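Engineer: One structure, as structure tokens, below. Some questions next.
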Amino acid sequence: MNMGRKGTAALLMSLVIMFVFCSCNKSDEKSKYSQSMRDLSITELVAEMKTGWNLGNTLDANDGETSWGNPITTHEMIDEVAKAGFNVIRIPTTWEKHFIEGDDYKIDEEWMKRVTEVVNYAFDNDMYVILNSHHETNWIKPSMDEVDNVLPKFKAMWTQIAENFKEYGDHLLFEGLNEPRIIGGTNEWNGGTEDGRQALNILNKAFVDTVRATGGNNSTRGLLITSFAAAVTDSALKDLEIPEDKNIIVSLHAYTPYDFTFSDGKNLFYYDDSVGSSIDWLFNLIDSYFTSKNIPVIITEYGSVNKIESFNVVPNPRYEENVKWVTKYLERAKQSGIPCVWWDNGSHFSGGEMFGIFNREECTWYTPDLVNAIMKIYE
């Protein structure tokens with residue numbers, strides 16, 4: 001078909017307009033989340049973070065967002081979490097499953113877009129976001145024999161993440177590692193070995209250096225490093241090296257005491273003085289290593305399971321005991337200036353570790369009394 005000169009010119013003009021329109025839309029969308037970094041110390045920044053919630057078993061699920069039984073994350077879900085009073089959200093994310101094979105560890109563009117979309121849901125609610133690398137222990141191995149093999153891939157991963165979010169403001173924080181350990185290794189969950197802790201220090205520093213090298217807002221972004229297995233024990237904390245950087249936070253996990261928080265009803269079911277003493281011991285230890293030295297800490301995972309299967313009673317008495325526990329836990333955390341982020345894996349009635357407190361299908365809370373108790377601490 002012969003369009004003629006006028007037709008050709010009109011078509012070219014239409015294509016130019018479409019290109020400009022699409023480019024502007026993309027630019028506008030990107031600039032919407034571009035923010036300058038405020039002149040805050042890392043201690044002041046952490047002080048603005050009150051209480052948090054984990055989007056667990058979702059973007060960190062091995063075979064896709066819904067492969068571990070949770071629904072697709074929606075804006076409405078994150079809106080409800082923010083509406084309840086949580087001003088921090090941790091977004092556990094697995095990246096290695098989304099590397100393009102044979103392409104220098106390039107992360108699939110569609111996966112990066114999806115993670116960005118979920119981060120944006122939280123930014124729309126003015127929440128603090130902790131974005132990490134999760135369930136990567138099959139290849140990120142803190143061992144001196146392994147670390148040189150791990151570093152190229154590890155650095156490539158964090159370079160891409162940092163570049164993608166380079167213009168985001170200081171409400172976005174990066175957490176380099178989640179529970180780094182050698183699976184099945186010596187002292188796996190309680191501090192590992194001297195060799196493992198030495199290798200972890202190398203990985204933590206590589207994470208910080210890699211993000212900082214991308215420049216822009218990443219030059220001063222809050223970065224979280226962690227102990228071996230994110231454990232709070234003397235063996236885990238004694239050798240942890242804090243990189244020389246003004247914007248470092250220590251990330252720890254503390255389900256304390258374990259016999260209460262993970263108990264299936266056979267161990268500690270009721271809150272008592274021994275439970276409270278364990279919580280005091282936990283925060284005293286953290287204070288001695290970090291907060292007393294002006295090193296900020298965030299407990300990026302804490303929680304206590306629901307035992308509805310063990311006690312076939314309505315209402316479930318476990319709720320009341322968990323309310324007592326979370327009140328003590330967060331009162332002590334607040335005293336130390338440590339924000340805590342509840343581990344919610346979506347499981348409440350069944351499915352293994354039942355840490356779920358938010359019904360993602362209906363955007364309601366399974367445990368409103370517990371959520372109210374959390375918020376009461378931060379009134």
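Going through the structure tokens in order, the chains are called A, B, and so on, while each chain numbers its residues from 1 and the ligands are numbered from 1 in the order shown.
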Set the distance at 12 Å and use only C-alpha atoms: which residues neighbour stretch 284-295 of chain A once local chain neighbours fewer than 3 positions away are removed? I'd like the list as a ChimeraX atom specification.

Structural biologist: /A:41-44,46,224-225,227,231-254,277-281,298-299,332-338

Engineer: Could you write out, as a PyMOL selection string, all the residues of stretch 67-207 of chain A that DSSP marks as helix (DSSP H, G or I)?

Structural biologist: chain A and resi 75-84+96-98+109-124+147-164+194-207

Engineer: Using only C-alpha atoms, which of the listed residues (A:Asn164, A:Gly176, A:Arg212, A:Ser143) sits closest to A:Asp195?

Structural biologist: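 With only C-alpha atoms as the atom set, the closest residue is A:Ser143.
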
Engineer: Figure out the distance between atom CA of A:Lys141 and atom CA of A:Gly346, please, to one decimal in Å.

Structural biologist: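 A separation of 27.7 Å between them.
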
Engineer: For A:Glu331, which residue out of A:Ala230, A:Leu55, A:Ile140, A:Ala373 is the nearest one, using only C-alpha atoms?

Structural biologist: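 Ranked by minimum distance to A:Glu331, first place goes to A:Ala373.
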
Engineer: Which polymer residues have any atom within 7 Å of an atom of A:Asp108, counting only C-alpha atoms, with same-chain residues fewer than 6 positions away left out, as a ChimeraX atom specification?

Structural biologist: /A:98-100

Engineer: Residues near A:Asn345, anyone? I mean within 6 Å using only C-alpha atoms, not counting same-chain ones fewer than 3 positions away, as JSON, numbers by chain.

Structural biologist: {"A": [56, 57, 355, 356]}

Engineer: Which neighbours of stretch 114-121 of chain A fall inside 12 Å, counting only C-alpha atoms, when residues of the same chain fewer than 3 positions from it are skipped, and could you give them as a PyMOL selection string?

Structural biologist: chain A and resi 29-34+55+58-60+64-65+72-82+88-95+98+107-111+124-133+161-166+168-169+171-174

Engineer: Using only C-alpha atoms, which of the listed residues (A:Asn70, A:Asn149, A:Asn138, A:Gln160) sits closest to A:Lys106?

Structural biologist: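 Among the listed residues, the smallest separation from A:Lys106 belongs to A:Gln160.
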
Engineer: DSSP on the backbone: what in stretch 107-205 of chain A comes out strand (DSSP E or B), as a ChimeraX atom specification?

Structural biologist: /A:107,128-132,172-175

Engineer: Would you mind listing what lies within 9 Å of A:Thr193 as a JSON list (two decimals) with N, CA, C and O atoms, in the first residue's frame, with only C-alpha atoms counted and same-chain residues fewer than 4 positions away left out?

Structural biologist:
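Resulting contents of around.json:
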```json
[["chain", "number", "residue", "atom", "x", "y", "z"],
["A", 185, "GLY", "N", 26.48, -27.82, 59.19],
["A", 185, "GLY", "CA", 27.84, -27.63, 59.69],
["A", 185, "GLY", "C", 27.91, -27.55, 61.21],
["A", 185, "GLY", "O", 26.89, -27.53, 61.91],
["A", 186, "THR", "N", 29.11, -27.49, 61.71],
["A", 186, "THR", "CA", 29.35, -27.41, 63.15],
["A", 186, "THR", "C", 28.73, -26.14, 63.73],
["A", 186, "THR", "O", 28.91, -25.05, 63.19],
["A", 187, "ASN", "N", 27.97, -26.30, 64.81],
["A", 187, "ASN", "CA", 27.39, -25.16, 65.51],
["A", 187, "ASN", "C", 26.58, -24.27, 64.57],
["A", 187, "ASN", "O", 26.62, -23.03, 64.66],
["A", 188, "GLU", "N", 25.83, -24.92, 63.67],
["A", 188, "GLU", "CA", 25.18, -24.23, 62.56],
["A", 188, "GLU", "C", 24.35, -23.01, 62.99],
["A", 188, "GLU", "O", 24.42, -21.96, 62.36],
["A", 197, "ARG", "N", 33.05, -17.66, 60.71],
["A", 197, "ARG", "CA", 32.87, -16.25, 61.10],
["A", 197, "ARG", "C", 33.85, -15.35, 60.35],
["A", 197, "ARG", "O", 33.51, -14.22, 60.00],
["A", 198, "GLN", "N", 35.04, -15.85, 60.10],
["A", 198, "GLN", "CA", 36.03, -15.09, 59.32],
["A", 198, "GLN", "C", 35.53, -14.88, 57.89],
["A", 198, "GLN", "O", 35.63, -13.77, 57.33],
["A", 228, "PHE", "N", 26.74, -14.80, 62.24],
["A", 228, "PHE", "CA", 26.61, -16.15, 61.70],
["A", 228, "PHE", "C", 25.24, -16.69, 62.09],
["A", 228, "PHE", "O", 24.88, -16.75, 63.27],
["A", 235, "SER", "N", 29.26, -16.65, 70.93],
["A", 235, "SER", "CA", 30.11, -17.18, 69.86],
["A", 235, "SER", "C", 29.78, -16.55, 68.51],
["A", 235, "SER", "O", 30.68, -16.34, 67.67],
["A", 236, "ALA", "N", 28.51, -16.20, 68.29],
["A", 236, "ALA", "CA", 28.14, -15.58, 67.02],
["A", 236, "ALA", "C", 28.56, -14.12, 66.95],
["A", 236, "ALA", "O", 28.89, -13.62, 65.87]]
```

Engineer: Do you have the atom CA of A:Asp148-atom CA of A:Asn190 distance handy?

Structural biologist: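 Separating atom CA of A:Asp148 from atom CA of A:Asn190 is a distance of 24.0 Å.
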